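Q: CSV, C-alpha atoms, saved as coords34.csv, coming up:
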```csv
chain,number,residue,atom,x,y,z
A,176,MET,CA,-85.1,233.5,2.0
A,177,ASN,CA,-84.8,235.2,5.4
A,178,LYS,CA,-84.5,238.9,5.6
A,179,PRO,CA,-81.0,240.1,6.6
A,180,ASP,CA,-80.6,241.7,10.0
A,181,LYS,CA,-80.2,245.4,9.9
A,182,GLN,CA,-80.0,248.5,12.0
A,183,MET,CA,-83.4,249.8,13.0
A,184,ARG,CA,-84.7,253.2,13.8
A,185,SER,CA,-87.4,253.1,16.5
A,186,ALA,CA,-89.6,256.0,17.3
A,187,THR,CA,-91.3,256.6,20.6
A,188,PRO,CA,-94.4,258.9,20.6
A,189,ALA,CA,-93.6,262.4,21.8
A,190,ALA,CA,-95.2,263.8,24.9
A,191,ALA,CA,-98.9,264.3,24.8
A,192,GLY,CA,-99.9,267.6,23.1
A,193,ALA,CA,-96.6,267.9,21.2
A,194,ASP,CA,-97.1,269.1,17.6
A,195,ALA,CA,-94.2,267.0,16.2
A,196,GLY,CA,-91.1,265.2,16.9
A,197,VAL,CA,-90.1,261.7,18.2
A,198,ALA,CA,-87.3,260.3,20.2
A,199,VAL,CA,-85.4,257.9,17.9
A,200,ARG,CA,-83.4,254.9,19.0
A,201,THR,CA,-81.0,253.0,16.8
A,202,GLY,CA,-79.7,249.5,17.1
A,203,SER,CA,-80.1,246.0,15.7
A,204,ALA,CA,-83.6,244.5,15.4
A,205,GLU,CA,-82.5,241.8,17.8
A,206,ASP,CA,-81.3,244.1,20.5
A,207,LEU,CA,-84.3,246.5,20.3
A,208,MET,CA,-86.8,243.6,20.4
A,209,TYR,CA,-85.0,242.0,23.3
A,210,GLN,CA,-84.9,245.2,25.3
A,211,ASP,CA,-88.5,246.1,24.5
A,212,VAL,CA,-90.0,242.7,25.4
A,213,TYR,CA,-87.8,242.4,28.5
A,214,ASP,CA,-88.9,245.9,29.8
A,215,ALA,CA,-92.5,245.2,29.0
A,216,ILE,CA,-92.4,241.9,31.0
A,217,MET,CA,-90.6,243.5,34.0
A,218,GLU,CA,-92.9,246.5,33.9
A,219,HIS,CA,-96.0,244.2,33.9
A,220,ARG,CA,-97.2,245.6,30.5
A,221,LEU,CA,-97.1,242.1,29.0
A,222,PRO,CA,-98.9,239.8,31.5
A,223,PRO,CA,-98.0,236.2,32.2
A,224,ARG,CA,-99.2,233.7,29.5
A,225,THR,CA,-99.2,236.3,26.8
A,226,LYS,CA,-98.4,234.6,23.5
A,227,LEU,CA,-95.4,236.0,21.7
A,228,THR,CA,-96.4,235.3,18.1
A,229,GLU,CA,-93.4,235.1,15.8
A,230,GLN,CA,-95.3,236.5,12.8
A,231,VAL,CA,-96.6,239.5,14.8
A,232,LEU,CA,-93.1,240.2,16.2
A,233,CYS,CA,-91.6,240.0,12.7
A,234,GLN,CA,-94.1,242.6,11.5
A,235,ILE,CA,-93.7,244.9,14.5
A,236,TYR,CA,-89.9,244.9,14.2
A,237,ASP,CA,-89.7,244.4,10.4
A,238,THR,CA,-87.3,241.5,10.7
A,239,ALA,CA,-86.9,237.8,10.0
A,240,ARG,CA,-88.1,234.9,12.0
A,241,HIS,CA,-84.6,233.7,12.8
A,242,THR,CA,-84.0,237.0,14.6
A,243,VAL,CA,-87.3,236.7,16.6
A,244,ARG,CA,-86.3,233.1,17.6
A,245,LYS,CA,-82.9,234.3,18.8
A,246,VAL,CA,-84.6,236.9,21.1
A,247,LEU,CA,-87.1,234.3,22.4
A,248,MET,CA,-84.2,231.9,23.2
A,249,ARG,CA,-82.5,234.7,25.1
A,250,LEU,CA,-85.6,235.5,27.1
A,251,SER,CA,-86.2,231.8,27.7
A,252,ALA,CA,-82.7,231.4,29.1
A,253,GLU,CA,-83.5,234.1,31.6
A,254,GLY,CA,-86.7,232.4,32.7
A,255,LEU,CA,-89.0,235.1,31.3
A,256,VAL,CA,-90.4,233.2,28.4
A,257,GLU,CA,-91.5,229.6,28.1
A,258,LEU,CA,-91.1,227.8,24.8
A,259,GLU,CA,-93.8,225.1,24.3
A,260,ALA,CA,-93.5,222.5,21.5
A,261,ASN,CA,-96.1,223.0,18.7
A,262,ARG,CA,-97.6,225.9,20.6
A,263,GLY,CA,-95.1,228.7,20.6
A,264,ALA,CA,-93.6,231.2,23.1
A,265,PHE,CA,-95.4,232.6,26.1
A,266,ILE,CA,-94.6,235.0,28.8
A,267,ALA,CA,-93.6,232.8,31.8
A,268,SER,CA,-96.3,232.1,34.4
A,269,PRO,CA,-94.8,230.0,37.2
A,270,SER,CA,-97.3,228.0,39.2
A,271,SER,CA,-98.1,228.8,42.8
A,272,SER,CA,-96.0,225.9,44.0
A,273,GLU,CA,-93.0,227.1,41.8
A,274,ALA,CA,-93.4,230.6,43.1
A,275,LYS,CA,-93.2,229.3,46.7
A,276,ASP,CA,-90.1,227.3,45.8
A,277,MET,CA,-88.5,230.2,44.1
A,278,PHE,CA,-89.0,232.5,47.1
A,279,GLU,CA,-87.7,229.8,49.4
A,280,LEU,CA,-84.6,229.6,47.3
A,281,ARG,CA,-84.2,233.4,47.3
A,282,GLN,CA,-84.4,233.4,51.1
A,283,ILE,CA,-81.5,230.9,51.2
A,284,ILE,CA,-79.4,232.6,48.6
A,285,GLU,CA,-79.9,236.2,49.8
A,286,HIS,CA,-79.3,235.3,53.4
A,287,ALA,CA,-75.9,233.9,52.4
A,288,THR,CA,-75.3,236.8,50.1
A,289,LEU,CA,-75.7,239.3,52.9
A,290,ALA,CA,-73.2,237.4,55.1
A,291,ARG,CA,-70.6,237.7,52.3
A,292,VAL,CA,-71.4,241.3,51.6
A,293,ALA,CA,-71.2,242.3,55.2
A,294,ARG,CA,-67.8,240.7,55.4
A,295,ASP,CA,-66.2,242.0,52.2
A,296,ALA,CA,-68.1,245.1,50.9
A,297,THR,CA,-66.2,248.4,50.9
A,298,PRO,CA,-67.6,251.7,52.0
A,299,ARG,CA,-67.6,252.8,48.4
A,300,GLN,CA,-69.6,249.8,47.3
A,301,LEU,CA,-72.2,250.4,50.1
A,302,ALA,CA,-72.4,254.0,49.0
A,303,ALA,CA,-73.2,252.9,45.5
A,304,LEU,CA,-76.1,250.8,46.9
A,305,ARG,CA,-77.2,253.8,48.9
A,306,LYS,CA,-77.4,255.8,45.7
A,307,MET,CA,-79.5,253.1,44.1
A,308,VAL,CA,-82.0,253.1,46.9
A,309,THR,CA,-82.2,256.9,46.7
A,310,GLU,CA,-82.8,256.6,42.9
A,311,GLU,CA,-85.5,254.0,43.5
A,312,ARG,CA,-87.3,256.2,46.0
A,313,GLY,CA,-87.0,259.1,43.5
A,314,ALA,CA,-88.4,257.1,40.7
A,315,HIS,CA,-91.4,256.1,42.8
A,316,ALA,CA,-92.0,259.7,43.9
A,317,ALA,CA,-91.8,260.9,40.3
A,318,GLY,CA,-94.4,258.3,39.2
A,319,ASP,CA,-91.8,256.6,36.9
A,320,ARG,CA,-93.0,253.0,37.5
A,321,PRO,CA,-90.8,251.3,34.8
A,322,ARG,CA,-87.6,252.7,36.3
A,323,TRP,CA,-88.8,252.0,39.9
A,324,ILE,CA,-89.4,248.4,39.1
A,325,ARG,CA,-86.1,247.9,37.3
A,326,LEU,CA,-84.2,249.5,40.2
A,327,SER,CA,-86.1,247.4,42.7
A,328,ALA,CA,-85.0,244.2,41.0
A,329,GLN,CA,-81.5,245.5,40.4
A,330,PHE,CA,-80.9,246.2,44.1
A,331,HIS,CA,-80.9,242.4,44.8
A,332,LEU,CA,-78.6,241.7,41.9
A,333,GLU,CA,-76.2,244.4,42.9
A,334,LEU,CA,-75.9,242.8,46.3
A,335,ALA,CA,-75.2,239.4,44.6
A,336,LEU,CA,-72.6,241.0,42.3
A,337,LEU,CA,-70.6,242.1,45.4
A,338,THR,CA,-70.0,238.5,46.3
A,339,GLY,CA,-67.9,238.0,43.1
A,340,ASN,CA,-69.7,234.7,42.5
A,341,ALA,CA,-70.8,234.6,38.9
A,342,LEU,CA,-72.9,231.4,39.3
A,343,LEU,CA,-74.8,232.9,42.3
A,344,VAL,CA,-75.5,236.1,40.2
A,345,ASP,CA,-76.8,234.1,37.3
A,346,THR,CA,-79.0,232.0,39.5
A,347,LEU,CA,-80.4,235.0,41.4
A,348,ARG,CA,-81.0,236.9,38.1
A,349,ARG,CA,-83.3,234.2,36.9
A,350,LEU,CA,-85.1,234.0,40.2
A,351,VAL,CA,-85.5,237.7,40.5
A,352,SER,CA,-86.8,237.9,36.9
A,353,ARG,CA,-89.4,235.2,37.4
A,354,THR,CA,-90.6,236.3,40.8
A,355,THR,CA,-90.8,240.0,39.7
A,356,LEU,CA,-93.1,239.2,36.8
A,357,LEU,CA,-95.5,237.6,39.2
A,358,ILE,CA,-95.8,240.5,41.6
A,359,ALA,CA,-99.3,242.0,41.5
A,360,THR,CA,-99.5,244.8,38.9
A,361,VAL,CA,-101.7,246.9,41.2
A,362,GLU,CA,-100.6,247.2,44.8
A,363,ALA,CA,-102.8,247.9,47.8
A,364,PRO,CA,-102.4,251.4,49.3
A,365,GLY,CA,-99.2,251.7,51.1
A,366,GLN,CA,-97.7,248.6,49.5
A,367,ASN,CA,-94.9,248.5,47.0
A,368,ALA,CA,-94.0,245.6,44.6
A,369,CYS,CA,-90.5,245.7,46.0
A,370,SER,CA,-90.3,248.3,48.7
A,371,PHE,CA,-87.4,250.8,48.8
A,372,ASP,CA,-88.2,251.3,52.5
A,373,GLU,CA,-87.4,247.7,53.1
A,374,HIS,CA,-84.3,247.9,50.9
A,375,ASP,CA,-83.3,250.9,53.0
A,376,ASP,CA,-83.7,248.9,56.2
A,377,VAL,CA,-81.4,246.1,54.8
A,378,LEU,CA,-78.8,248.7,53.8
A,379,LYS,CA,-78.8,250.6,57.1
A,380,ALA,CA,-78.1,247.3,58.9
A,381,LEU,CA,-75.2,246.5,56.5
A,382,GLU,CA,-73.8,250.0,57.0
A,383,SER,CA,-73.9,249.6,60.8
A,384,GLY,CA,-72.2,246.2,60.5
A,385,ASP,CA,-75.2,244.2,61.9
A,386,VAL,CA,-75.4,241.3,59.4
A,387,ALA,CA,-78.0,239.4,61.5
A,388,LEU,CA,-80.3,242.5,61.4
A,389,ALA,CA,-79.7,242.9,57.6
A,390,GLN,CA,-80.7,239.2,57.1
A,391,GLN,CA,-83.8,239.6,59.3
A,392,HIS,CA,-84.9,242.7,57.2
A,393,MET,CA,-84.3,240.8,54.0
A,394,ALA,CA,-86.3,237.8,55.1
A,395,HIS,CA,-89.2,240.1,56.0
A,396,HIS,CA,-88.9,241.9,52.7
A,397,LEU,CA,-88.9,238.7,50.6
A,398,HIS,CA,-91.9,237.4,52.6
A,399,ASN,CA,-93.8,240.6,51.8
A,400,CYS,CA,-92.9,240.2,48.1
A,401,GLU,CA,-94.2,236.6,48.1
A,402,GLU,CA,-97.4,237.8,49.7
A,403,ARG,CA,-98.0,240.1,46.7
A,404,VAL,CA,-97.6,237.4,44.1
A,405,GLN,CA,-100.6,237.4,41.8
A,406,PRO,CA,-100.5,234.8,39.0
A,407,GLU,CA,-102.5,235.8,35.9
A,408,ASP,CA,-103.8,234.0,32.9
A,409,VAL,CA,-104.4,236.2,29.8
A,410,GLU,CA,-105.8,235.0,26.5
A,411,ASN,CA,-105.7,236.8,23.1
A,412,PHE,CA,-103.5,239.6,24.4
A,413,ASP,CA,-102.6,242.0,21.5
A,414,LEU,CA,-98.8,242.5,21.3
A,415,ARG,CA,-99.2,245.5,19.1
A,416,SER,CA,-101.0,247.4,21.9
A,417,VAL,CA,-97.7,247.3,23.9
A,418,LEU,CA,-94.9,246.9,21.4
A,419,GLY,CA,-96.3,248.0,18.0
A,420,ALA,CA,-96.8,251.7,18.8
A,421,ASN,CA,-93.1,252.3,19.4
A,422,HIS,CA,-91.9,251.4,16.0
A,423,VAL,CA,-91.9,253.1,12.6
A,424,HIS,CA,-90.6,251.2,9.5
A,425,PRO,CA,-89.8,252.3,6.0
A,426,ARG,CA,-92.2,249.7,4.5
A,427,THR,CA,-95.8,249.7,5.5
A,428,SER,CA,-96.5,246.1,4.9
A,429,PRO,CA,-93.4,244.0,5.7
A,430,LYS,CA,-93.6,240.3,5.2
A,431,ALA,CA,-92.5,237.8,7.8
A,432,ARG,CA,-90.5,235.0,6.3
```
Transcribe the structure of this file into structure tokens.
A:
Amino acid sequence: MNKPDKQMRSATPAAAGADAGVAVRTGSAEDLMYQDVYDAIMEHRLPPRTKLTEQVLCQIYDTARHTVRKVLMRLSAEGLVELEANRGAFIASPSSSEAKDMFELRQIIEHATLARVARDATPRQLAALRKMVTEERGAHAAGDRPRWIRLSAQFHLELALLTGNALLVDTLRRLVSRTTLLIATVEAPGQNACSFDEHDDVLKALESGDVALAQQHMAHHLHNCEERVQPEDVENFDLRSVLGANHVHPRTSPKAR
């Protein structure tokens, strides 16, 4: 019999040197697992081709296999996980040719997106984008890489959201997710995985009403991102080294069923 889904308490280790105390999150096992795995992929803590073993995930999150499978299906729908028959689930690892095709499609979609945004966006909406770029810059300056990466990807999605086209947003979300996970985990000096300076150039052009310049800056930015794609192949990666340390369960030896 499968274990029933339940609310979980998840503990994140306190700051180094603290005598006691943890920050506790609550929520369903499915939601916590989804968010943890999603963040770990986008933050490059789970490399491409890492196997997401159902039994290990059951043990880490003290939950049933059907819950794990629901999470893997959600991540697969977003293009972040590949489900292979008789082999299991793996962090997506698009081929070099697919990466090239995805960036080409992003160039087309984001070029058109900027034309629509330049025509229809309100000053208030542009101000919200300006705030996002400022937060992105601040996260980088503070050394908060996870937040910086999330904001870098979200900038492109926020532009798409301003078009009001749900299909465009869904398509770009998948493309942004799959291309972001391929960006090199270690950038060369002076390079960023998704540069806030380049986002700033795009936004300045939009604010001035120069759509052609905004499109030119975006094309340059996406080209730079493509240049930093670094496919990886990782074998025998230990999921517990990334996900397991963040969870405390009432039972010490839960069984995956």
Q: Pull the neighbourhood of (-89.8, 246.8, 46.4) for me: all residues within 12 Å in file coordinates, counting only C-alpha atoms, as a PDB file with C-alpha atoms, in the frame of the given file.
A:
```pdb
ATOM      1  CA  VAL A 308     -82.000 253.100  46.900  1.00  0.00           C
ATOM      2  CA  GLU A 311     -85.500 254.000  43.500  1.00  0.00           C
ATOM      3  CA  ARG A 312     -87.300 256.200  46.000  1.00  0.00           C
ATOM      4  CA  ALA A 314     -88.400 257.100  40.700  1.00  0.00           C
ATOM      5  CA  HIS A 315     -91.400 256.100  42.800  1.00  0.00           C
ATOM      6  CA  ARG A 320     -93.000 253.000  37.500  1.00  0.00           C
ATOM      7  CA  ARG A 322     -87.600 252.700  36.300  1.00  0.00           C
ATOM      8  CA  TRP A 323     -88.800 252.000  39.900  1.00  0.00           C
ATOM      9  CA  ILE A 324     -89.400 248.400  39.100  1.00  0.00           C
ATOM     10  CA  ARG A 325     -86.100 247.900  37.300  1.00  0.00           C
ATOM     11  CA  LEU A 326     -84.200 249.500  40.200  1.00  0.00           C
ATOM     12  CA  SER A 327     -86.100 247.400  42.700  1.00  0.00           C
ATOM     13  CA  ALA A 328     -85.000 244.200  41.000  1.00  0.00           C
ATOM     14  CA  GLN A 329     -81.500 245.500  40.400  1.00  0.00           C
ATOM     15  CA  PHE A 330     -80.900 246.200  44.100  1.00  0.00           C
ATOM     16  CA  HIS A 331     -80.900 242.400  44.800  1.00  0.00           C
ATOM     17  CA  VAL A 351     -85.500 237.700  40.500  1.00  0.00           C
ATOM     18  CA  THR A 354     -90.600 236.300  40.800  1.00  0.00           C
ATOM     19  CA  THR A 355     -90.800 240.000  39.700  1.00  0.00           C
ATOM     20  CA  ILE A 358     -95.800 240.500  41.600  1.00  0.00           C
ATOM     21  CA  ALA A 359     -99.300 242.000  41.500  1.00  0.00           C
ATOM     22  CA  GLU A 362    -100.600 247.200  44.800  1.00  0.00           C
ATOM     23  CA  GLY A 365     -99.200 251.700  51.100  1.00  0.00           C
ATOM     24  CA  GLN A 366     -97.700 248.600  49.500  1.00  0.00           C
ATOM     25  CA  ASN A 367     -94.900 248.500  47.000  1.00  0.00           C
ATOM     26  CA  ALA A 368     -94.000 245.600  44.600  1.00  0.00           C
ATOM     27  CA  CYS A 369     -90.500 245.700  46.000  1.00  0.00           C
ATOM     28  CA  SER A 370     -90.300 248.300  48.700  1.00  0.00           C
ATOM     29  CA  PHE A 371     -87.400 250.800  48.800  1.00  0.00           C
ATOM     30  CA  ASP A 372     -88.200 251.300  52.500  1.00  0.00           C
ATOM     31  CA  GLU A 373     -87.400 247.700  53.100  1.00  0.00           C
ATOM     32  CA  HIS A 374     -84.300 247.900  50.900  1.00  0.00           C
ATOM     33  CA  ASP A 375     -83.300 250.900  53.000  1.00  0.00           C
ATOM     34  CA  ASP A 376     -83.700 248.900  56.200  1.00  0.00           C
ATOM     35  CA  VAL A 377     -81.400 246.100  54.800  1.00  0.00           C
ATOM     36  CA  MET A 393     -84.300 240.800  54.000  1.00  0.00           C
ATOM     37  CA  HIS A 395     -89.200 240.100  56.000  1.00  0.00           C
ATOM     38  CA  HIS A 396     -88.900 241.900  52.700  1.00  0.00           C
ATOM     39  CA  LEU A 397     -88.900 238.700  50.600  1.00  0.00           C
ATOM     40  CA  HIS A 398     -91.900 237.400  52.600  1.00  0.00           C
ATOM     41  CA  ASN A 399     -93.800 240.600  51.800  1.00  0.00           C
ATOM     42  CA  CYS A 400     -92.900 240.200  48.100  1.00  0.00           C
ATOM     43  CA  GLU A 401     -94.200 236.600  48.100  1.00  0.00           C
ATOM     44  CA  ARG A 403     -98.000 240.100  46.700  1.00  0.00           C
TER      45      ARG A 403
END
```
Q: How far is it from CA of Leu301 (chain A) to CA of Leu356 (chain A), in Å with one decimal?
A: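 These atoms are spaced 27.2 Å apart.
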Q: Give me, please, the distance in Å between CA of Arg348 (chain A) and CA of Arg299 (chain A), quoted to one decimal.
A: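 Here the two named atoms are 23.2 Å from each other.
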Q: Would you work out the distance separating CA of Glu257 (chain A) from CA of Ile235 (chain A), expressed in Å to one decimal?
A: 20.6 Å
Q: Considering only C-alpha atoms, can you say which of A:Met248, A:Ala296, A:Leu289, A:Leu381 comes closest to Ala264 (chain A)?
A: A:Met248
Q: Select, from A:Leu350, A:Leu418, A:Val404, A:Ala394, the residue with the minimum atom-to-atom distance to Ser270 (chain A), counting all atoms listed in the file.
A: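 Closest residue, counting all atoms listed in the file: A:Val404.
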Q: So, with all atoms listed in the file as the atoms that count, which of A:Arg349, A:Arg291, A:Lys226, A:Arg220 lies closest to Gly384 (chain A)?
A: A:Arg291
Q: For Glu205 (chain A), work out the shell of residues within 8 Å, counting all atoms listed in the file and skipping chain neighbours fewer than 4 positions away, then give it as a list in words.
A: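 The residues satisfying every condition are Tyr209, Thr242, Val243, Lys245 and Val246 of chain A.
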Q: For Ala267 (chain A), please output as number ranges by chain all residues within 9 Å (counting all atoms listed in the file; exclusion window: fewer than 5 positions along the same chain).
A: A: 222-225, 251, 254-258, 353, 356
Q: If we count only C-alpha atoms, what is near Ile284 (chain A) at a cut-off of 9 Å, once residues fewer than 6 positions away on the same chain are taken out, given as a ChimeraX atom specification?
A: /A:335,343,347
Q: For Gln234 (chain A), which of A:Met208, A:Ala252, A:Val344, A:Ala387 is the closest residue, counting all atoms listed in the file?
A: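 The answer is A:Met208, which sits nearest to Gln234 (chain A).
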